[in-house]
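What follows is a set of notes on a single structure, which appears directly below.
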Amino acid sequence: MASHQSPPGYHCYDDFSQTQLHFVLPLCLELFLILFLIPSAITMFCYIHLIHALLTQPHIPLQKKYRTVGLAVVTMVNFGVCFGPYNISHVVGFVQQRSPEWRPYALLLTTLSAAIDPFIFYCSSSAVRRAVSGMVGAIRGTMCGFWCWCWRRQCAPTWRRLWGK
C-alpha cells in the first residue's frame with residue numbers, strides 16, 4: 001500500500017495514490033478488527049469455556065480430556081501462527097502508512113493452514129492413528145524382513161567366516 005512505483009512483477013495492490021491510501025488503510029484496519037480480532041476473541045472465549053466445562057466433568061476419562069484440550073490448543077496456535085502475521089500486517093500498514101515488505105510472505109503463511117488443519121484433525125482421530133500405526137508397522141515389518149533377508153544372503157557368510165560361527 002505504498003504510493004511509490006512498484007517493481008515489475010508486483011501488482012497494483014502495492015501502488016496506491018494518496019487519495020486511495022486514505023480509503024484503503026482504514027479499511028485494512030477494519031478488516032483486521034472485524035475479520036480477525038473479533039472472531040479470534042470469540043473463538044478463544046468459546047474454547048476456554050469448553051475446556052473449563054470439560055475439565056470439571058468427573059465422568060469423562062482423563063485421556064479424553066487431555067486429547068480435547070490438546071486439540072483445542074493446537075488448533076488455536078495453528079490459527080494464530082498461520083493467520084496472525086498477515087492480519088498484523090494490516091495494522092503495521094496502517095501505522096506506517098505503507099504496505100510492509102514482508103506482507104507477501106505472511107500471505108503465503110496463511111495458505112499453510114489449509115495443509116495443517118486436516119493433518120491436525122486426522123491425527124486427533126483414534127481410528128486414523130490406529131490405521132497409520134498399522135501401516136507403519138506393516139512397512140517396518142516388510143523393511144525388516146527385506147534387510148534381514150539381504151543381511152543373511154550377503155553379510156552372514158562373511159560374518160561367519162570372520163567370527164568362525
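Going by the C-alpha cells order, chains are called A, B, ..., each with residues numbered from 1, while ligands are numbered from 1 in the order shown.
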
request  = Name the residues in contact with range 42-57 of chain A at a cut-off of 9 Å, using only C-alpha atoms, excluding same-chain residues fewer than 3 positions from it; report them as a PyMOL selection string.
outcome  = chain A and resi 37-39+60+62+65-66+68-69+72-73+76

For N, CA, C and O atoms, I'd like the residues from the last selection saved as a tab-separated table (two decimals), in the first residue's frame.
chain	number	residue	atom	x	y	z
A	37	LEU	N	-9.59	-10.07	14.64
A	37	LEU	CA	-9.51	-9.89	16.08
A	37	LEU	C	-10.80	-10.31	16.79
A	37	LEU	O	-10.75	-11.08	17.76
A	38	ILE	N	-11.94	-9.85	16.32
A	38	ILE	CA	-13.20	-10.21	16.98
A	38	ILE	C	-13.49	-11.72	16.86
A	38	ILE	O	-13.79	-12.36	17.87
A	39	PRO	N	-13.38	-12.32	15.66
A	39	PRO	CA	-13.60	-13.78	15.61
A	39	PRO	C	-12.58	-14.56	16.44
A	39	PRO	O	-12.95	-15.58	17.06
A	60	ILE	N	-15.77	-38.09	32.58
A	60	ILE	CA	-15.02	-38.20	31.32
A	60	ILE	C	-13.60	-38.63	31.65
A	60	ILE	O	-12.94	-38.03	32.51
A	62	LEU	N	-9.65	-39.09	31.84
A	62	LEU	CA	-8.60	-38.08	31.80
A	62	LEU	C	-7.91	-38.02	30.43
A	62	LEU	O	-7.59	-36.94	29.94
A	65	LYS	N	-9.95	-36.02	28.08
A	65	LYS	CA	-9.86	-34.60	28.43
A	65	LYS	C	-8.57	-34.01	27.88
A	65	LYS	O	-8.57	-32.93	27.26
A	66	TYR	N	-7.46	-34.71	28.09
A	66	TYR	CA	-6.17	-34.21	27.60
A	66	TYR	C	-6.15	-34.10	26.08
A	66	TYR	O	-5.61	-33.15	25.51
A	68	THR	N	-8.70	-33.60	24.07
A	68	THR	CA	-9.54	-32.48	23.66
A	68	THR	C	-8.86	-31.14	23.94
A	68	THR	O	-8.87	-30.24	23.10
A	69	VAL	N	-8.25	-31.01	25.10
A	69	VAL	CA	-7.52	-29.78	25.43
A	69	VAL	C	-6.36	-29.59	24.45
A	69	VAL	O	-6.14	-28.49	23.94
A	72	ALA	N	-7.68	-28.41	21.07
A	72	ALA	CA	-8.10	-27.00	21.13
A	72	ALA	C	-6.88	-26.09	21.10
A	72	ALA	O	-6.85	-25.09	20.37
A	73	VAL	N	-5.87	-26.42	21.89
A	73	VAL	CA	-4.67	-25.58	21.95
A	73	VAL	C	-3.94	-25.59	20.60
A	73	VAL	O	-3.55	-24.54	20.08
A	76	MET	N	-5.83	-23.50	18.01
A	76	MET	CA	-5.69	-22.05	18.20
A	76	MET	C	-4.27	-21.57	17.86
A	76	MET	O	-4.10	-20.50	17.28

Tell me, as a CSV table (one decimal) with all heavy atoms, in the first residue's frame, which residues lie within 12 Å of range 85-90 of chain A, counting only C-alpha atoms; anything in the same chain fewer than 3 positions away does not count.
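And here is the file that came out, around-v2.csv:
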chain,number,residue,atom,x,y,z
A,1,MET,N,0.8,-1.2,0.0
A,1,MET,CA,0.0,0.0,0.0
A,1,MET,C,0.9,1.2,0.0
A,1,MET,O,0.6,2.2,0.7
A,1,MET,CB,-0.9,0.0,1.2
A,1,MET,CG,-2.0,-1.1,1.1
A,1,MET,SD,-3.1,-1.0,2.5
A,1,MET,CE,-2.2,-1.7,3.8
A,24,VAL,N,-8.0,3.0,1.7
A,24,VAL,CA,-7.6,1.7,1.9
A,24,VAL,C,-7.0,1.4,3.2
A,24,VAL,O,-7.3,0.3,3.8
A,24,VAL,CB,-6.5,1.3,0.8
A,24,VAL,CG1,-5.9,-0.1,1.0
A,24,VAL,CG2,-7.2,1.3,-0.6
A,25,LEU,N,-6.2,2.2,3.8
A,25,LEU,CA,-5.5,2.0,5.1
A,25,LEU,C,-6.6,1.8,6.2
A,25,LEU,O,-6.5,0.8,7.0
A,25,LEU,CB,-4.5,3.0,5.4
A,25,LEU,CG,-3.3,3.0,4.5
A,25,LEU,CD1,-2.4,4.2,4.8
A,25,LEU,CD2,-2.5,1.7,4.7
A,26,PRO,N,-7.5,2.7,6.4
A,26,PRO,CA,-8.5,2.4,7.4
A,26,PRO,C,-9.4,1.1,7.1
A,26,PRO,O,-9.7,0.4,8.0
A,26,PRO,CB,-9.4,3.6,7.4
A,26,PRO,CG,-8.6,4.7,6.8
A,26,PRO,CD,-7.7,4.0,5.8
A,27,LEU,N,-9.6,0.8,5.9
A,27,LEU,CA,-10.3,-0.4,5.5
A,27,LEU,C,-9.5,-1.6,6.0
A,27,LEU,O,-10.1,-2.6,6.5
A,27,LEU,CB,-10.6,-0.4,4.0
A,27,LEU,CG,-11.3,-1.7,3.5
A,27,LEU,CD1,-12.7,-1.7,4.0
A,27,LEU,CD2,-11.3,-1.7,2.0
A,28,CYS,N,-8.2,-1.6,5.8
A,28,CYS,CA,-7.4,-2.7,6.2
A,28,CYS,C,-7.4,-2.9,7.7
A,28,CYS,O,-7.4,-4.0,8.2
A,28,CYS,CB,-5.9,-2.5,5.7
A,28,CYS,SG,-5.7,-2.8,4.0
A,29,LEU,N,-7.4,-1.8,8.4
A,29,LEU,CA,-7.5,-1.8,9.9
A,29,LEU,C,-8.9,-2.4,10.3
A,29,LEU,O,-9.0,-3.2,11.2
A,29,LEU,CB,-7.3,-0.4,10.5
A,29,LEU,CG,-7.2,-0.4,12.0
A,29,LEU,CD1,-6.0,-1.2,12.5
A,29,LEU,CD2,-7.1,1.1,12.5
A,30,GLU,N,-9.9,-2.0,9.6
A,30,GLU,CA,-11.3,-2.6,9.9
A,30,GLU,C,-11.3,-4.1,9.6
A,30,GLU,O,-11.9,-4.9,10.3
A,30,GLU,CB,-12.3,-1.9,9.1
A,30,GLU,CG,-12.6,-0.5,9.5
A,30,GLU,CD,-13.5,0.3,8.6
A,30,GLU,OE1,-14.3,-0.4,7.8
A,30,GLU,OE2,-13.5,1.5,8.6
A,31,LEU,N,-10.6,-4.5,8.5
A,31,LEU,CA,-10.5,-5.9,8.2
A,31,LEU,C,-9.9,-6.7,9.3
A,31,LEU,O,-10.3,-7.8,9.7
A,31,LEU,CB,-9.8,-6.2,6.9
A,31,LEU,CG,-10.5,-5.7,5.6
A,31,LEU,CD1,-9.5,-5.9,4.4
A,31,LEU,CD2,-11.7,-6.6,5.4
A,32,PHE,N,-8.8,-6.1,9.8
A,32,PHE,CA,-8.1,-6.7,11.0
A,32,PHE,C,-9.1,-6.9,12.2
A,32,PHE,O,-9.1,-8.0,12.8
A,32,PHE,CB,-6.9,-5.9,11.4
A,32,PHE,CG,-6.3,-6.3,12.7
A,32,PHE,CD1,-5.5,-7.5,12.8
A,32,PHE,CD2,-6.5,-5.6,13.8
A,32,PHE,CE1,-5.0,-7.8,14.0
A,32,PHE,CE2,-6.0,-5.9,15.0
A,32,PHE,CZ,-5.2,-7.1,15.1
A,33,LEU,N,-9.8,-5.8,12.5
A,33,LEU,CA,-10.7,-5.9,13.6
A,33,LEU,C,-11.9,-6.8,13.4
A,33,LEU,O,-12.1,-7.6,14.3
A,33,LEU,CB,-11.1,-4.5,14.0
A,33,LEU,CG,-10.1,-3.5,14.5
A,33,LEU,CD1,-10.7,-2.1,14.6
A,33,LEU,CD2,-9.6,-4.0,15.9
A,34,ILE,N,-12.5,-6.6,12.3
A,34,ILE,CA,-13.8,-7.4,12.1
A,34,ILE,C,-13.6,-8.8,11.7
A,34,ILE,O,-14.3,-9.7,12.1
A,34,ILE,CB,-14.7,-6.6,11.1
A,34,ILE,CG1,-15.1,-5.3,11.7
A,34,ILE,CG2,-15.9,-7.4,10.7
A,34,ILE,CD1,-15.7,-4.3,10.7
A,35,LEU,N,-12.6,-9.1,10.8
A,35,LEU,CA,-12.4,-10.4,10.3
A,35,LEU,C,-11.4,-11.2,11.0
A,35,LEU,O,-11.2,-12.4,10.7
A,35,LEU,CB,-12.1,-10.3,8.8
A,35,LEU,CG,-13.2,-9.7,7.9
A,35,LEU,CD1,-12.7,-9.7,6.5
A,35,LEU,CD2,-14.5,-10.5,8.1
A,36,PHE,N,-10.6,-10.6,11.9
A,36,PHE,CA,-9.6,-11.4,12.6
A,36,PHE,C,-9.7,-11.3,14.1
A,36,PHE,O,-9.8,-12.3,14.8
A,36,PHE,CB,-8.2,-11.0,12.2
A,36,PHE,CG,-7.1,-11.7,12.9
A,36,PHE,CD1,-6.8,-13.1,12.6
A,36,PHE,CD2,-6.3,-11.1,13.8
A,36,PHE,CE1,-5.8,-13.8,13.3
A,36,PHE,CE2,-5.3,-11.8,14.5
A,36,PHE,CZ,-5.1,-13.2,14.2
A,37,LEU,N,-9.6,-10.1,14.6
A,37,LEU,CA,-9.5,-9.9,16.1
A,37,LEU,C,-10.8,-10.3,16.8
A,37,LEU,O,-10.8,-11.1,17.8
A,37,LEU,CB,-9.2,-8.4,16.4
A,37,LEU,CG,-8.8,-8.2,17.8
A,37,LEU,CD1,-7.5,-9.0,18.2
A,37,LEU,CD2,-8.5,-6.7,18.1
A,40,SER,N,-11.3,-14.1,16.5
A,40,SER,CA,-10.3,-14.8,17.3
A,40,SER,C,-10.7,-14.7,18.8
A,40,SER,O,-10.6,-15.7,19.5
A,40,SER,CB,-9.0,-14.2,17.1
A,40,SER,OG,-8.5,-14.3,15.8
A,78,ASN,N,-2.3,-23.0,15.7
A,78,ASN,CA,-2.2,-23.0,14.2
A,78,ASN,C,-2.9,-21.8,13.6
A,78,ASN,O,-2.3,-21.2,12.7
A,78,ASN,CB,-2.9,-24.3,13.7
A,78,ASN,CG,-2.9,-24.4,12.2
A,78,ASN,OD1,-1.9,-24.2,11.6
A,78,ASN,ND2,-4.0,-24.8,11.7
A,79,PHE,N,-4.0,-21.5,14.1
A,79,PHE,CA,-4.7,-20.3,13.6
A,79,PHE,C,-3.9,-19.0,13.8
A,79,PHE,O,-3.8,-18.2,12.9
A,79,PHE,CB,-6.1,-20.2,14.3
A,79,PHE,CG,-6.9,-19.0,13.9
A,79,PHE,CD1,-7.6,-19.1,12.7
A,79,PHE,CD2,-7.0,-17.8,14.6
A,79,PHE,CE1,-8.4,-18.0,12.2
A,79,PHE,CE2,-7.7,-16.7,14.2
A,79,PHE,CZ,-8.4,-16.8,13.0
A,80,GLY,N,-3.3,-18.9,15.0
A,80,GLY,CA,-2.5,-17.7,15.3
A,80,GLY,C,-1.3,-17.6,14.4
A,80,GLY,O,-1.0,-16.5,13.9
A,81,VAL,N,-0.6,-18.7,14.3
A,81,VAL,CA,0.6,-18.7,13.5
A,81,VAL,C,0.4,-18.5,12.0
A,81,VAL,O,1.1,-17.8,11.3
A,81,VAL,CB,1.4,-20.1,13.7
A,81,VAL,CG1,2.5,-20.2,12.7
A,81,VAL,CG2,2.0,-20.1,15.1
A,82,CYS,N,-0.7,-19.1,11.5
A,82,CYS,CA,-1.0,-19.0,10.1
A,82,CYS,C,-1.6,-17.7,9.7
A,82,CYS,O,-1.3,-17.1,8.6
A,82,CYS,CB,-1.8,-20.2,9.6
A,82,CYS,SG,-1.0,-21.8,9.7
A,93,GLY,N,0.7,-1.8,8.3
A,93,GLY,CA,0.5,-0.9,7.2
A,93,GLY,C,-0.2,0.3,7.5
A,93,GLY,O,0.1,1.4,7.0
A,94,PHE,N,-1.2,0.2,8.4
A,94,PHE,CA,-1.9,1.4,8.8
A,94,PHE,C,-1.0,2.4,9.6
A,94,PHE,O,-1.1,3.6,9.4
A,94,PHE,CB,-3.1,1.0,9.7
A,94,PHE,CG,-4.0,2.2,10.2
A,94,PHE,CD1,-4.9,2.8,9.3
A,94,PHE,CD2,-3.8,2.6,11.5
A,94,PHE,CE1,-5.6,3.9,9.8
A,94,PHE,CE2,-4.6,3.7,11.9
A,94,PHE,CZ,-5.5,4.3,11.1
A,95,VAL,N,-0.2,1.8,10.5
A,95,VAL,CA,0.7,2.7,11.3
A,95,VAL,C,1.8,3.3,10.5
A,95,VAL,O,2.1,4.5,10.6
A,95,VAL,CB,1.3,1.8,12.5
A,95,VAL,CG1,2.4,2.6,13.2
A,95,VAL,CG2,0.2,1.4,13.5
A,96,GLN,N,2.4,2.5,9.6
A,96,GLN,CA,3.5,3.0,8.8
A,96,GLN,C,3.0,3.7,7.5
A,96,GLN,O,3.8,4.3,6.8
A,96,GLN,CB,4.4,1.9,8.3
A,96,GLN,CG,5.1,1.2,9.5
A,96,GLN,CD,6.0,0.0,9.0
A,96,GLN,OE1,5.9,-0.5,7.9
A,96,GLN,NE2,6.9,-0.4,9.9
A,97,GLN,N,1.7,3.7,7.2
A,97,GLN,CA,1.1,4.3,6.0
A,97,GLN,C,1.7,3.7,4.7
A,97,GLN,O,1.8,4.4,3.7
A,97,GLN,CB,1.3,5.8,6.1
A,97,GLN,CG,0.6,6.5,7.2
A,97,GLN,CD,-0.9,6.5,7.0
A,97,GLN,OE1,-1.4,6.9,6.0
A,97,GLN,NE2,-1.6,5.9,8.0
A,98,ARG,N,2.1,2.4,4.8
A,98,ARG,CA,2.5,1.7,3.6
A,98,ARG,C,2.5,0.2,3.9
A,98,ARG,O,2.4,-0.2,5.0
A,98,ARG,CB,4.0,2.1,3.2
A,98,ARG,CG,5.0,1.8,4.2
A,98,ARG,CD,6.4,2.3,3.8
A,98,ARG,NE,7.4,2.0,4.8
A,98,ARG,CZ,7.9,0.8,5.0
A,98,ARG,NH1,7.7,-0.2,4.2
A,98,ARG,NH2,8.8,0.7,6.0
A,99,SER,N,2.5,-0.5,2.8
A,99,SER,CA,2.5,-2.0,3.0
A,99,SER,C,3.8,-2.5,3.5
A,99,SER,O,4.9,-2.1,2.9
A,99,SER,CB,2.1,-2.6,1.6
A,99,SER,OG,2.1,-4.0,1.7
A,100,PRO,N,3.9,-3.4,4.5
A,100,PRO,CA,5.2,-3.9,4.9
A,100,PRO,C,5.7,-4.8,3.8
A,100,PRO,O,5.0,-5.5,3.1
A,100,PRO,CB,4.8,-4.7,6.2
A,100,PRO,CG,3.4,-4.4,6.5
A,100,PRO,CD,2.8,-3.8,5.3
A,101,GLU,N,7.1,-4.8,3.7
A,101,GLU,CA,7.7,-5.7,2.7
A,101,GLU,C,7.5,-7.1,2.9
A,101,GLU,O,7.5,-7.9,2.0
A,101,GLU,CB,9.2,-5.4,2.7
A,101,GLU,CG,9.7,-4.0,2.4
A,101,GLU,CD,9.7,-3.2,3.7
A,101,GLU,OE1,10.0,-3.7,4.8
A,101,GLU,OE2,9.5,-2.0,3.6
A,102,TRP,N,7.2,-7.6,4.1
A,102,TRP,CA,7.0,-9.0,4.5
A,102,TRP,C,5.6,-9.5,4.3
A,102,TRP,O,5.3,-10.6,4.5
A,102,TRP,CB,7.5,-9.3,5.9
A,102,TRP,CG,7.0,-8.3,6.9
A,102,TRP,CD1,7.6,-7.2,7.3
A,102,TRP,CD2,5.8,-8.4,7.7
A,102,TRP,NE1,6.8,-6.5,8.3
A,102,TRP,CE2,5.7,-7.3,8.5
A,102,TRP,CE3,4.7,-9.3,7.7
A,102,TRP,CZ2,4.7,-7.0,9.4
A,102,TRP,CZ3,3.7,-9.1,8.6
A,102,TRP,CH2,3.6,-8.0,9.4
A,103,ARG,N,4.7,-8.6,3.8
A,103,ARG,CA,3.3,-9.0,3.7
A,103,ARG,C,3.1,-10.2,2.7
A,103,ARG,O,2.3,-11.1,3.0
A,103,ARG,CB,2.4,-7.8,3.2
A,103,ARG,CG,1.0,-8.3,3.1
A,103,ARG,CD,0.1,-7.2,2.7
A,103,ARG,NE,-0.1,-6.3,3.9
A,103,ARG,CZ,-0.9,-5.3,4.0
A,103,ARG,NH1,-1.6,-5.0,2.9
A,103,ARG,NH2,-1.0,-4.6,5.0
A,104,PRO,N,3.8,-10.2,1.6
A,104,PRO,CA,3.6,-11.4,0.7
A,104,PRO,C,4.0,-12.7,1.4
A,104,PRO,O,3.4,-13.7,1.2
A,104,PRO,CB,4.5,-11.1,-0.5
A,104,PRO,CG,4.7,-9.6,-0.5
A,104,PRO,CD,4.6,-9.2,0.9
A,105,TYR,N,5.0,-12.7,2.2
A,105,TYR,CA,5.4,-13.9,3.0
A,105,TYR,C,4.4,-14.3,4.0
A,105,TYR,O,4.1,-15.5,4.2
A,105,TYR,CB,6.8,-13.7,3.6
A,105,TYR,CG,7.8,-13.3,2.6
A,105,TYR,CD1,8.4,-12.1,2.6
A,105,TYR,CD2,8.3,-14.3,1.7
A,105,TYR,CE1,9.3,-11.7,1.6
A,105,TYR,CE2,9.2,-13.9,0.7
A,105,TYR,CZ,9.8,-12.7,0.7
A,105,TYR,OH,10.7,-12.3,-0.2
A,106,ALA,N,3.8,-13.3,4.6
A,106,ALA,CA,2.7,-13.5,5.6
A,106,ALA,C,1.5,-14.1,4.9
A,106,ALA,O,0.8,-15.0,5.4
A,106,ALA,CB,2.4,-12.3,6.4
A,107,LEU,N,1.2,-13.6,3.7
A,107,LEU,CA,0.1,-14.2,2.9
A,107,LEU,C,0.3,-15.6,2.6
A,107,LEU,O,-0.6,-16.4,2.6
A,107,LEU,CB,-0.1,-13.3,1.7
A,107,LEU,CG,-1.3,-13.7,0.8
A,107,LEU,CD1,-2.6,-13.6,1.6
A,107,LEU,CD2,-1.4,-12.8,-0.4
A,108,LEU,N,1.6,-16.0,2.2
A,108,LEU,CA,1.9,-17.4,1.9
A,108,LEU,C,1.7,-18.2,3.2
A,108,LEU,O,1.2,-19.4,3.1
A,108,LEU,CB,3.3,-17.5,1.5
A,108,LEU,CG,3.6,-17.0,0.0
A,108,LEU,CD1,5.1,-17.1,-0.2
A,108,LEU,CD2,2.9,-17.8,-1.0
A,109,LEU,N,2.0,-17.7,4.3
A,109,LEU,CA,1.8,-18.4,5.6
A,109,LEU,C,0.4,-18.8,5.8
A,109,LEU,O,0.1,-19.8,6.4
A,109,LEU,CB,2.4,-17.6,6.7
A,109,LEU,CG,2.6,-18.3,8.1
A,109,LEU,CD1,3.6,-19.5,7.9
A,109,LEU,CD2,3.2,-17.3,9.1
A,110,THR,N,-0.6,-17.9,5.4
A,110,THR,CA,-2.0,-18.2,5.6
A,110,THR,C,-2.4,-19.5,4.8
A,110,THR,O,-3.3,-20.2,5.3
A,110,THR,CB,-2.9,-17.1,5.1
A,110,THR,OG1,-2.7,-16.9,3.7
A,110,THR,CG2,-2.6,-15.8,5.9
A,111,THR,N,-1.8,-19.8,3.7
A,111,THR,CA,-2.1,-21.0,2.9
A,111,THR,C,-1.7,-22.2,3.6
A,111,THR,O,-2.2,-23.3,3.4
A,111,THR,CB,-1.5,-20.9,1.5
A,111,THR,OG1,-0.1,-20.9,1.6
A,111,THR,CG2,-2.0,-19.7,0.8

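Computed from the coordinates, the CA of Ala41 in chain A to CA of His22 in chain A distance equals 27.8 Å.
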
task = Give me, please, the distance in Å between CA of Phe119 in chain A and CA of Pro61 in chain A, quoted to one decimal.
result =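 CA of Pro61 in chain A lies at a distance of 24.4 Å from CA of Phe119 in chain A.
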
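The smallest atom-to-atom distance between Ala114 in chain A and any of A:Arg130, A:Phe83, A:Asp15, A:Phe23, using only C-alpha atoms, is found for A:Phe83.
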
request  = Would you mind writing down, as a PyMOL selection string, each residue of range 2-161 of chain A that DSSP on the backbone assigns to alpha helix (DSSP H)?
outcome  = chain A and resi 18-32+38-55+62-96+103-124+126-150+156-161

Write a file of the just-selected residues containing C-alpha atoms, as a tab-separated table (two decimals), in the first residue's frame.
chain	number	residue	atom	x	y	z
A	18	GLN	CA	-2.54	9.28	-1.53
A	19	THR	CA	-6.30	9.56	-2.07
A	20	GLN	CA	-6.60	5.80	-2.37
A	21	LEU	CA	-4.41	5.29	0.71
A	22	HIS	CA	-6.77	7.41	2.79
A	23	PHE	CA	-9.51	4.92	1.92
A	24	VAL	CA	-7.55	1.66	1.86
A	25	LEU	CA	-5.54	1.97	5.09
A	26	PRO	CA	-8.55	2.40	7.41
A	27	LEU	CA	-10.30	-0.38	5.50
A	28	CYS	CA	-7.37	-2.72	6.21
A	29	LEU	CA	-7.53	-1.82	9.89
A	30	GLU	CA	-11.26	-2.59	9.87
A	31	LEU	CA	-10.54	-5.93	8.18
A	32	PHE	CA	-8.11	-6.74	10.98
A	38	ILE	CA	-13.20	-10.21	16.98
A	39	PRO	CA	-13.60	-13.78	15.61
A	40	SER	CA	-10.34	-14.79	17.32
A	41	ALA	CA	-11.54	-13.38	20.65
A	42	ILE	CA	-14.90	-15.15	20.32
A	43	THR	CA	-13.23	-18.43	19.39
A	44	MET	CA	-10.77	-18.23	22.27
A	45	PHE	CA	-13.60	-17.39	24.68
A	46	CYS	CA	-15.56	-20.43	23.48
A	47	TYR	CA	-12.54	-22.75	23.62
A	48	ILE	CA	-11.64	-21.61	27.14
A	49	HIS	CA	-15.18	-22.19	28.36
A	50	LEU	CA	-15.37	-25.54	26.57
A	51	ILE	CA	-12.10	-26.65	28.19
A	52	HIS	CA	-13.25	-25.45	31.60
A	53	ALA	CA	-16.58	-27.28	31.24
A	54	LEU	CA	-14.81	-30.41	30.06
A	55	LEU	CA	-12.25	-30.45	32.85
A	62	LEU	CA	-8.60	-38.08	31.80
A	63	GLN	CA	-7.06	-39.22	28.49
A	64	LYS	CA	-10.04	-37.88	26.52
A	65	LYS	CA	-9.86	-34.60	28.43
A	66	TYR	CA	-6.17	-34.21	27.60
A	67	ARG	CA	-6.76	-35.06	23.95
A	68	THR	CA	-9.54	-32.48	23.66
A	69	VAL	CA	-7.52	-29.78	25.43
A	70	GLY	CA	-4.52	-30.56	23.21
A	71	LEU	CA	-6.65	-30.37	20.07
A	72	ALA	CA	-8.10	-27.00	21.13
A	73	VAL	CA	-4.67	-25.58	21.95
A	74	VAL	CA	-3.06	-26.86	18.73
A	75	THR	CA	-5.96	-25.52	16.67
A	76	MET	CA	-5.69	-22.05	18.20
A	77	VAL	CA	-1.89	-21.98	17.87
A	78	ASN	CA	-2.20	-23.04	14.23
A	79	PHE	CA	-4.75	-20.29	13.62
A	80	GLY	CA	-2.54	-17.67	15.29
A	81	VAL	CA	0.64	-18.72	13.51
A	82	CYS	CA	-0.97	-19.02	10.09
A	83	PHE	CA	-3.32	-16.02	10.10
A	84	GLY	CA	-1.81	-13.72	12.71
A	85	PRO	CA	1.14	-12.32	10.72
A	86	TYR	CA	-0.94	-11.39	7.67
A	87	ASN	CA	-3.61	-9.73	9.75
A	88	ILE	CA	-1.00	-7.91	11.82
A	89	SER	CA	0.42	-6.60	8.54
A	90	HIS	CA	-2.83	-4.64	8.17
A	91	VAL	CA	-2.13	-2.86	11.46
A	92	VAL	CA	1.54	-2.31	10.57
A	93	GLY	CA	0.50	-0.95	7.18
A	94	PHE	CA	-1.94	1.43	8.85
A	95	VAL	CA	0.66	2.68	11.33
A	96	GLN	CA	3.48	3.01	8.76
A	103	ARG	CA	3.29	-9.00	3.69
A	104	PRO	CA	3.61	-11.40	0.70
A	105	TYR	CA	5.41	-13.89	2.96
A	106	ALA	CA	2.73	-13.53	5.60
A	107	LEU	CA	0.11	-14.15	2.93
A	108	LEU	CA	1.90	-17.36	1.94
A	109	LEU	CA	1.83	-18.44	5.57
A	110	THR	CA	-1.98	-18.24	5.57
A	111	THR	CA	-2.13	-20.96	2.95
A	112	LEU	CA	-0.23	-23.28	5.27
A	113	SER	CA	-3.35	-23.58	7.41
A	114	ALA	CA	-5.14	-25.40	4.60
A	115	ALA	CA	-2.49	-28.13	4.76
A	116	ILE	CA	-2.09	-28.26	8.54
A	117	ASP	CA	-5.76	-28.29	9.61
A	118	PRO	CA	-6.66	-31.64	8.01
A	119	PHE	CA	-3.47	-33.16	9.39
A	120	ILE	CA	-4.34	-31.97	12.91
A	121	PHE	CA	-7.86	-33.34	12.78
A	122	TYR	CA	-6.87	-36.63	11.18
A	123	CYS	CA	-4.17	-37.15	13.78
A	124	SER	CA	-6.66	-36.44	16.55
A	126	SER	CA	-8.10	-42.55	17.16
A	127	ALA	CA	-9.24	-44.55	14.11
A	128	VAL	CA	-6.75	-42.73	11.89
A	129	ARG	CA	-3.98	-43.17	14.47
A	130	ARG	CA	-4.67	-46.93	14.56
A	131	ALA	CA	-4.66	-47.13	10.75
A	132	VAL	CA	-1.41	-45.16	10.46
A	133	SER	CA	0.15	-47.24	13.23
A	134	GLY	CA	-0.86	-50.41	11.39
A	135	MET	CA	0.61	-49.12	8.14
A	136	VAL	CA	3.86	-48.10	9.83
A	137	GLY	CA	4.07	-51.49	11.50
A	138	ALA	CA	3.48	-53.27	8.19
A	139	ILE	CA	6.10	-51.15	6.43
A	140	ARG	CA	8.57	-51.67	9.27
A	141	GLY	CA	7.94	-55.43	9.18
A	142	THR	CA	8.43	-55.52	5.42
A	143	MET	CA	11.62	-53.46	5.61
A	144	CYS	CA	12.97	-55.53	8.48
A	145	GLY	CA	12.20	-58.72	6.59
A	146	PHE	CA	13.90	-57.36	3.48
A	147	TRP	CA	17.01	-56.18	5.34
A	148	CYS	CA	17.26	-59.43	7.32
A	149	TRP	CA	16.96	-61.40	4.10
A	150	CYS	CA	19.67	-59.22	2.50
A	156	ALA	CA	26.08	-63.66	7.09
A	157	PRO	CA	28.60	-65.79	5.12
A	158	THR	CA	31.31	-63.15	5.57
A	159	TRP	CA	30.44	-62.69	9.23
A	160	ARG	CA	30.57	-66.45	9.81
A	161	ARG	CA	34.00	-66.67	8.17
